[in-house]
>>> print(open('work-v6.cif').read())   # mmCIF, C-alpha atoms
data_entry
#
loop_
_atom_site.group_PDB
_atom_site.id
_atom_site.type_symbol
_atom_site.label_atom_id
_atom_site.label_comp_id
_atom_site.auth_asym_id
_atom_site.auth_seq_id
_atom_site.Cartn_x
_atom_site.Cartn_y
_atom_site.Cartn_z
ATOM 1 C CA MET A 152 130.221 59.773 103.595
ATOM 2 C CA MET A 153 127.140 61.906 103.994
ATOM 3 C CA SER A 154 126.997 65.552 103.056
ATOM 4 C CA THR A 155 124.414 68.228 102.447
ATOM 5 C CA VAL A 156 124.577 71.226 100.160
ATOM 6 C CA GLY A 157 122.067 74.012 100.131
ATOM 7 C CA GLY A 158 120.659 76.854 102.105
ATOM 8 C CA VAL A 159 118.788 80.064 101.565
ATOM 9 C CA GLN A 160 120.654 81.986 98.886
ATOM 10 C CA ILE A 161 120.505 85.380 97.272
ATOM 11 C CA GLY A 162 121.097 86.288 93.632
ATOM 12 C CA ILE A 163 122.697 89.342 92.092
ATOM 13 C CA ALA A 164 120.445 92.126 90.897
ATOM 14 C CA THR A 165 121.810 94.500 88.278
ATOM 15 C CA THR A 166 121.093 98.143 87.617
ATOM 16 C CA SER A 167 120.817 100.202 84.478
ATOM 17 C CA ALA A 168 120.543 103.940 84.220
ATOM 18 C CA VAL A 169 120.205 106.326 81.317
ATOM 19 C CA SER A 170 120.462 110.071 81.738
ATOM 20 C CA GLY A 171 118.593 112.744 79.850
ATOM 21 C CA ARG A 172 116.194 110.218 78.307
ATOM 22 C CA GLY A 173 114.306 107.016 78.944
ATOM 23 C CA PHE A 174 115.239 103.487 77.925
ATOM 24 C CA THR A 175 115.048 102.608 74.244
ATOM 25 C CA PRO A 176 113.174 99.525 72.983
ATOM 26 C CA GLU A 177 116.554 97.923 72.236
ATOM 27 C CA GLU A 178 117.805 98.463 75.798
ATOM 28 C CA LEU A 179 114.599 97.210 77.376
ATOM 29 C CA ALA A 180 114.539 94.168 75.107
ATOM 30 C CA GLU A 181 118.075 93.306 76.184
ATOM 31 C CA HIS A 182 117.063 93.556 79.853
ATOM 32 C CA ALA A 183 114.017 91.391 79.255
ATOM 33 C CA VAL A 184 115.877 88.741 77.293
ATOM 34 C CA ASN A 185 118.544 88.499 79.975
ATOM 35 C CA GLU A 186 115.832 88.026 82.571
ATOM 36 C CA VAL A 187 114.006 85.366 80.595
ATOM 37 C CA ILE A 188 116.845 83.350 79.119
ATOM 38 C CA SER A 189 119.985 82.303 80.933
ATOM 39 C CA ILE A 190 122.627 80.277 79.115
ATOM 40 C CA GLY A 191 125.049 78.378 81.282
ATOM 41 C CA ASN A 192 128.753 78.441 80.467
ATOM 42 C CA ASN A 193 128.974 74.724 81.081
ATOM 43 C CA SER A 194 126.243 73.805 78.616
ATOM 44 C CA HIS A 195 127.069 71.687 75.564
ATOM 45 C CA PRO A 196 128.246 73.983 72.705
ATOM 46 C CA VAL A 197 125.400 72.856 70.452
ATOM 47 C CA ILE A 198 122.843 73.618 73.136
ATOM 48 C CA GLN A 199 124.515 76.966 73.759
ATOM 49 C CA ALA A 200 124.336 77.830 70.062
ATOM 50 C CA GLN A 201 120.655 76.904 69.909
ATOM 51 C CA ALA A 202 119.938 78.948 73.013
ATOM 52 C CA GLU A 203 121.819 81.952 71.629
ATOM 53 C CA ALA A 204 119.851 81.738 68.380
ATOM 54 C CA PHE A 205 116.599 81.509 70.328
ATOM 55 C CA ARG A 206 117.612 84.496 72.438
ATOM 56 C CA ASP A 207 118.346 86.530 69.306
ATOM 57 C CA ASP A 208 114.933 85.652 67.889
ATOM 58 C CA ILE A 209 113.165 86.613 71.104
ATOM 59 C CA ARG A 210 115.128 89.874 71.281
ATOM 60 C CA ALA A 211 114.123 90.793 67.729
ATOM 61 C CA VAL A 212 110.452 90.103 68.417
ATOM 62 C CA MET A 213 110.557 92.121 71.623
ATOM 63 C CA ILE A 214 112.234 95.094 69.932
ATOM 64 C CA ASN A 215 109.592 95.067 67.224
ATOM 65 C CA TYR A 216 106.705 95.042 69.689
ATOM 66 C CA LEU A 217 108.311 97.575 72.030
ATOM 67 C CA ARG A 218 108.789 99.961 69.111
ATOM 68 C CA GLN A 219 105.135 99.476 68.213
ATOM 69 C CA ALA A 220 104.169 100.187 71.822
ATOM 70 C CA VAL A 221 106.124 103.443 71.780
ATOM 71 C CA ALA A 222 104.560 104.470 68.480
ATOM 72 C CA SER A 223 101.110 103.526 69.714
ATOM 73 C CA ASN A 224 101.556 105.478 72.937
ATOM 74 C CA ASN A 225 102.730 108.484 70.919
ATOM 75 C CA THR A 226 99.511 108.278 68.903
ATOM 76 C CA THR A 227 97.557 108.438 72.154
ATOM 77 C CA LEU A 228 99.611 111.411 73.344
ATOM 78 C CA ILE A 229 99.219 113.201 70.011
ATOM 79 C CA ASN A 230 95.454 112.903 70.289
ATOM 80 C CA ARG A 231 95.546 114.186 73.856
ATOM 81 C CA PHE A 232 97.679 117.184 72.880
ATOM 82 C CA ARG A 233 95.317 118.017 70.023
ATOM 83 C CA ASP A 234 92.223 117.552 72.189
ATOM 84 C CA ALA A 235 93.798 119.843 74.787
ATOM 85 C CA GLY A 236 94.380 122.511 72.152
ATOM 86 C CA HIS A 237 98.153 122.121 71.906
ATOM 87 C CA PRO A 238 98.840 120.682 68.440
ATOM 88 C CA GLU A 239 102.241 122.402 68.462
ATOM 89 C CA LEU A 240 103.399 119.883 71.074
ATOM 90 C CA VAL A 241 102.948 117.064 68.565
ATOM 91 C CA LYS A 242 106.263 118.073 67.005
ATOM 92 C CA LEU A 243 108.033 117.074 70.223
ATOM 93 C CA LEU A 244 107.037 113.478 69.614
ATOM 94 C CA GLU A 245 108.315 113.342 66.073
ATOM 95 C CA VAL A 246 111.524 111.346 65.829
ATOM 96 C CA MET B 30 131.825 107.104 108.131
ATOM 97 C CA ALA B 31 130.613 106.020 104.730
ATOM 98 C CA LEU B 32 127.650 103.826 104.025
ATOM 99 C CA SER B 33 128.560 100.122 104.022
ATOM 100 C CA ILE B 34 126.235 97.758 102.149
ATOM 101 C CA THR B 35 126.856 94.056 101.655
ATOM 102 C CA THR B 36 124.587 91.954 99.481
ATOM 103 C CA ALA B 37 123.049 89.500 101.902
ATOM 104 C CA MET B 38 119.953 87.707 102.984
ATOM 105 C CA PRO B 39 119.201 88.922 106.498
ATOM 106 C CA THR B 40 119.498 86.233 109.116
ATOM 107 C CA SER B 41 116.197 87.409 110.585
ATOM 108 C CA PHE B 42 114.562 86.723 107.204
ATOM 109 C CA LYS B 43 115.673 83.086 107.310
ATOM 110 C CA VAL B 44 114.105 82.713 110.729
ATOM 111 C CA GLU B 45 110.936 84.412 109.527
ATOM 112 C CA LEU B 46 110.728 82.044 106.556
ATOM 113 C CA MET B 47 110.671 79.120 108.966
ATOM 114 C CA LYS B 48 107.927 80.860 110.931
ATOM 115 C CA GLY B 49 105.881 81.257 107.748
ATOM 116 C CA LEU B 50 105.781 85.053 107.952
ATOM 117 C CA HIS B 51 106.440 85.813 104.282
ATOM 118 C CA ASN B 52 104.120 85.029 101.387
ATOM 119 C CA PHE B 53 105.701 85.552 97.977
ATOM 120 C CA THR B 54 102.661 84.358 96.067
ATOM 121 C CA GLY B 55 102.177 86.539 92.996
ATOM 122 C CA ALA B 56 99.945 89.588 93.244
ATOM 123 C CA SER B 57 100.374 89.726 97.004
ATOM 124 C CA ASN B 58 101.708 93.289 96.511
ATOM 125 C CA ARG B 59 103.429 93.425 99.839
ATOM 126 C CA PHE B 60 107.131 93.596 99.028
ATOM 127 C CA LYS B 61 108.829 96.921 98.455
ATOM 128 C CA MET B 62 112.251 98.073 97.403
ATOM 129 C CA ALA B 63 113.799 101.156 98.944
ATOM 130 C CA LEU B 64 117.045 102.753 97.797
ATOM 131 C CA PHE B 65 120.055 103.756 99.839
ATOM 132 C CA LYS B 66 121.914 107.022 99.444
ATOM 133 C CA ALA B 67 125.275 107.315 97.736
ATOM 134 C CA THR B 68 128.113 105.702 99.659
ATOM 135 C CA ALA B 69 129.633 108.936 100.872
ATOM 136 C CA SER B 70 126.273 110.405 101.848
ATOM 137 C CA GLY B 71 125.351 107.778 104.426
ATOM 138 C CA SER B 72 126.880 106.227 107.500
ATOM 139 C CA GLY B 73 125.148 102.961 108.384
ATOM 140 C CA THR B 74 126.153 99.348 107.886
ATOM 141 C CA PHE B 75 123.715 97.002 106.176
ATOM 142 C CA GLY B 76 123.887 93.298 105.432
ATOM 143 C CA ALA B 77 123.006 90.026 107.088
ATOM 144 C CA ALA B 78 122.318 91.745 110.399
ATOM 145 C CA THR B 79 119.737 94.116 108.906
ATOM 146 C CA THR B 80 116.285 93.238 110.197
ATOM 147 C CA ASN B 81 113.845 95.988 109.238
ATOM 148 C CA TYR B 82 113.207 98.856 106.838
ATOM 149 C CA SER B 83 113.176 101.246 109.793
ATOM 150 C CA GLN B 84 116.923 100.753 110.124
ATOM 151 C CA MET B 85 117.498 102.585 106.851
ATOM 152 C CA GLY B 86 116.577 105.845 108.577
ATOM 153 C CA SER B 87 118.579 108.749 107.192
ATOM 154 C CA ASP B 88 120.526 106.391 104.913
ATOM 155 C CA GLU B 89 117.534 106.138 102.571
ATOM 156 C CA LEU B 90 117.382 108.438 99.582
ATOM 157 C CA PRO B 91 115.287 111.511 100.356
ATOM 158 C CA SER B 92 111.987 112.012 98.578
ATOM 159 C CA ALA B 93 112.935 114.119 95.584
ATOM 160 C CA THR B 94 113.534 114.072 91.862
ATOM 161 C CA GLY B 95 111.823 110.813 91.053
ATOM 162 C CA TYR B 96 112.251 108.922 94.317
ATOM 163 C CA THR B 97 109.696 108.708 97.122
ATOM 164 C CA GLN B 98 110.751 107.355 100.493
ATOM 165 C CA GLN B 99 109.636 103.807 101.316
ATOM 166 C CA GLY B 100 110.429 102.975 97.719
ATOM 167 C CA LYS B 101 108.262 101.137 95.232
ATOM 168 C CA LEU B 102 106.109 98.051 95.321
ATOM 169 C CA LEU B 103 107.649 94.992 93.740
ATOM 170 C CA THR B 104 105.667 92.514 91.701
ATOM 171 C CA SER B 105 106.595 89.127 93.082
ATOM 172 C CA VAL B 106 106.512 85.929 91.092
ATOM 173 C CA THR B 107 104.852 82.959 92.740
ATOM 174 C CA PRO B 108 107.578 80.611 94.024
ATOM 175 C CA VAL B 109 108.361 77.571 91.897
ATOM 176 C CA ALA B 110 110.815 74.706 91.933
ATOM 177 C CA ASP B 111 113.752 74.315 89.562
ATOM 178 C CA GLY B 112 115.102 70.849 90.155
ATOM 179 C CA THR B 113 115.513 70.590 93.906
ATOM 180 C CA THR B 114 115.726 74.349 94.423
ATOM 181 C CA ALA B 115 112.763 76.526 95.377
ATOM 182 C CA LEU B 116 112.927 80.065 94.089
ATOM 183 C CA THR B 117 111.093 83.303 93.655
ATOM 184 C CA THR B 118 111.840 86.544 91.881
ATOM 185 C CA PHE B 119 110.380 89.949 91.092
ATOM 186 C CA SER B 120 109.622 91.915 87.956
ATOM 187 C CA ALA B 121 112.128 94.588 86.989
ATOM 188 C CA LEU B 122 111.507 97.885 88.746
ATOM 189 C CA THR B 123 111.995 101.326 87.178
ATOM 190 C CA TRP B 124 112.241 104.810 88.603
ATOM 191 C CA SER B 125 111.375 107.127 85.734
ATOM 192 C CA SER B 126 112.360 110.760 85.158
ATOM 193 C CA SER B 127 114.737 110.611 88.074
ATOM 194 C CA SER B 128 117.908 112.276 89.258
ATOM 195 C CA PHE B 129 119.734 110.635 92.147
ATOM 196 C CA THR B 130 122.733 108.573 93.145
ATOM 197 C CA THR B 131 122.237 105.306 95.002
ATOM 198 C CA SER B 132 124.536 102.541 96.186
ATOM 199 C CA GLY B 133 122.122 99.777 97.108
ATOM 200 C CA ALA B 134 118.613 98.674 97.928
ATOM 201 C CA LEU B 135 116.581 96.978 100.594
ATOM 202 C CA ILE B 136 113.725 94.612 99.839
ATOM 203 C CA TYR B 137 111.264 94.480 102.695
ATOM 204 C CA ASP B 138 107.869 93.011 103.483
ATOM 205 C CA THR B 139 105.121 95.512 104.268
ATOM 206 C CA GLY B 140 102.908 92.561 105.177
ATOM 207 C CA ASP B 141 105.240 91.651 108.030
ATOM 208 C CA SER B 142 105.921 94.955 109.776
ATOM 209 C CA ASN B 143 108.454 96.023 107.133
ATOM 210 C CA SER B 144 110.865 93.211 107.958
ATOM 211 C CA ALA B 145 113.964 93.024 105.762
ATOM 212 C CA CYS B 146 114.127 90.309 103.077
ATOM 213 C CA ALA B 147 117.242 91.156 101.107
ATOM 214 C CA VAL B 148 120.024 93.704 101.164
ATOM 215 C CA LEU B 149 121.446 94.494 97.735
ATOM 216 C CA SER B 150 124.698 96.305 97.081
ATOM 217 C CA PHE B 151 125.096 97.819 93.627
ATOM 218 C CA GLY B 152 128.861 97.495 93.876
ATOM 219 C CA GLY B 153 129.326 101.241 94.007
ATOM 220 C CA ASP B 154 127.390 104.400 93.362
ATOM 221 C CA GLN B 155 124.906 104.361 90.499
ATOM 222 C CA THR B 156 123.777 107.711 89.154
ATOM 223 C CA VAL B 157 120.833 108.704 87.029
ATOM 224 C CA SER B 158 120.258 112.252 85.808
ATOM 225 C CA SER B 159 116.892 113.224 84.302
ATOM 226 C CA GLY B 160 116.453 109.672 83.104
ATOM 227 C CA ASP B 161 115.320 106.186 84.018
ATOM 228 C CA PHE B 162 116.866 103.931 86.628
ATOM 229 C CA GLN B 163 116.021 100.243 86.498
ATOM 230 C CA ILE B 164 116.718 97.266 88.725
ATOM 231 C CA GLN B 165 116.831 93.951 86.871
ATOM 232 C CA PHE B 166 116.569 90.691 88.710
ATOM 233 C CA PRO B 167 118.523 87.638 87.592
ATOM 234 C CA THR B 168 117.031 84.802 85.607
ATOM 235 C CA ALA B 169 114.648 82.801 87.750
ATOM 236 C CA ASN B 170 116.504 79.521 87.877
ATOM 237 C CA ALA B 171 118.207 77.362 90.479
ATOM 238 C CA SER B 172 121.593 78.985 90.064
ATOM 239 C CA SER B 173 120.704 82.661 89.694
ATOM 240 C CA ALA B 174 117.301 83.630 91.094
ATOM 241 C CA ILE B 175 117.245 86.477 93.551
ATOM 242 C CA ILE B 176 115.831 84.358 96.402
ATOM 243 C CA ARG B 177 116.502 80.619 96.470
ATOM 244 C CA ILE B 178 116.275 77.739 98.886
ATOM 245 C CA ALA B 179 118.605 75.039 97.620
#
>>> encode(input="work-v6.cif", output="structure tokens")
Amino acid sequence: MMSTVGGVQIGIATTSAVSGRGFTPEELAEHAVNEVISIGNNSHPVIQAQAEAFRDDIRAVMINYLRQAVASNNTTLINRFRDAGHPELVKLLEV
Amino acid sequence: MALSITTAMPTSFKVELMKGLHNFTGASNRFKMALFKATASGSGTFGAATTNYSQMGSDELPSATGYTQQGKLLTSVTPVADGTTALTTFSALTWSSSSFTTSGALIYDTGDSNSACAVLSFGGDQTVSSGDFQIQFPTANASSAIIRIA
């Protein structure tokens, strides 16, 4: 018997929304990790465990660097506020 | 009548692929994503029969509060093979400081007269209020990628 399987297929995009604020480093890291690493349900349990551990490591690294990026960008903004004569606005960036 | 959106790859897009009209090579900067209105705010039907961005018409979100009509440019990823499946994807796309409600999106090719490439339903209305709205694409592999030829 001969058969063919295939075709042009479309995946499922997902959406995320946060109101009254932007995304946190933790939320963005979760999005990124999900985009980079996919773990199949049918994988061998040992492989799944390794992949989950790897995903956790990648997530932790991403969160660290994303937090640094936010802090670094705030430094840039603080300098801009001060240069523009609005040092009082610096307080808005303090967490 | 409410807006009806079905996640689908337009039939016209499949034909256009065979004609070589779409180039997903990275940095081509030609694909855009536009957002539909909330379900109750529109009236059209979109899915496999959708052929062009122009069909969105009044069913596209208006330009306001973080959204600009015609949508945003997508960053495409150069197609690759995963096993016997060819695939491509896009980088996540974010609308910042936005307030709107949307129920789906259209990916279209500005390099091919705005022809439709994918119709995406969000499975219901998605609302953002003075915040960020992000579209994430699935993992780029043979079983999940947003656009695949198996």
>>> atom_distance(input="work-v6.cif", atom1="atom CA of Gln155 of chain B", atom2="atom CA of Ser87 of chain B")
18.4 Å
>>> residues_near_point(input="work-v6.cif", point="(112.7, 89.1, 69.9)", cutoff="12 Å", atoms="all atoms listed in the file", output="ChimeraX atom specification")
/A:176-177,179-185,187-188,203-218
>>> residues_near_point(input="work-v6.cif", point="(131.1, 94.0, 93.3)", cutoff="10 Å", atoms="only C-alpha atoms", output="list in words")
Ile163 of chain A; Thr35, Thr36, Ser150, Phe151, Gly152 and Gly153 of chain B
>>> resolve_selection(input="work-v6.cif", expression="the PyMOL selection byres ((chain A) within 7 of (chain B))", output="number ranges by chain")
A: 157-174, 185-189
>>> atom_distance(input="work-v6.cif", atom1="atom CA of Ala67 of chain B", atom2="atom CA of Thr80 of chain B")
20.8 Å
>>> build_atoms(input="work-v6.cif", residues="segment 158-170 of chain A", atoms="N, CA and C atoms", output="short mmCIF file (atom, residue, chain, number, x, y, z; two decimals), in the coordinates of the input")
data_model
loop_
_atom_site.label_atom_id
_atom_site.label_comp_id
_atom_site.auth_asym_id
_atom_site.auth_seq_id
_atom_site.Cartn_x
_atom_site.Cartn_y
_atom_site.Cartn_z
N GLY A 158 120.82 75.69 101.27
CA GLY A 158 120.66 76.85 102.10
C GLY A 158 119.83 77.90 101.41
N VAL A 159 119.52 78.94 102.14
CA VAL A 159 118.79 80.06 101.56
C VAL A 159 119.81 80.98 100.91
N GLN A 160 119.63 81.26 99.63
CA GLN A 160 120.65 81.99 98.89
C GLN A 160 120.07 83.21 98.19
N ILE A 161 120.95 84.14 97.92
CA ILE A 161 120.50 85.38 97.27
C ILE A 161 121.23 85.56 95.94
N GLY A 162 120.50 86.06 94.94
CA GLY A 162 121.10 86.29 93.63
C GLY A 162 121.63 87.70 93.51
N ILE A 163 122.09 88.02 92.33
CA ILE A 163 122.70 89.34 92.09
C ILE A 163 121.78 90.16 91.18
N ALA A 164 121.26 91.23 91.71
CA ALA A 164 120.44 92.13 90.90
C ALA A 164 121.38 93.11 90.19
N THR A 165 121.00 93.54 89.02
CA THR A 165 121.81 94.50 88.28
C THR A 165 121.02 95.79 88.07
N THR A 166 121.75 96.85 87.82
CA THR A 166 121.09 98.14 87.62
C THR A 166 121.46 98.71 86.25
N SER A 167 120.55 99.48 85.72
CA SER A 167 120.82 100.20 84.48
C SER A 167 120.27 101.61 84.63
N ALA A 168 121.01 102.56 84.15
CA ALA A 168 120.54 103.94 84.22
C ALA A 168 120.87 104.65 82.92
N VAL A 169 119.95 105.47 82.47
CA VAL A 169 120.20 106.33 81.32
C VAL A 169 119.87 107.75 81.73
N SER A 170 120.66 108.68 81.33
CA SER A 170 120.46 110.07 81.74
C SER A 170 120.01 110.92 80.56
#
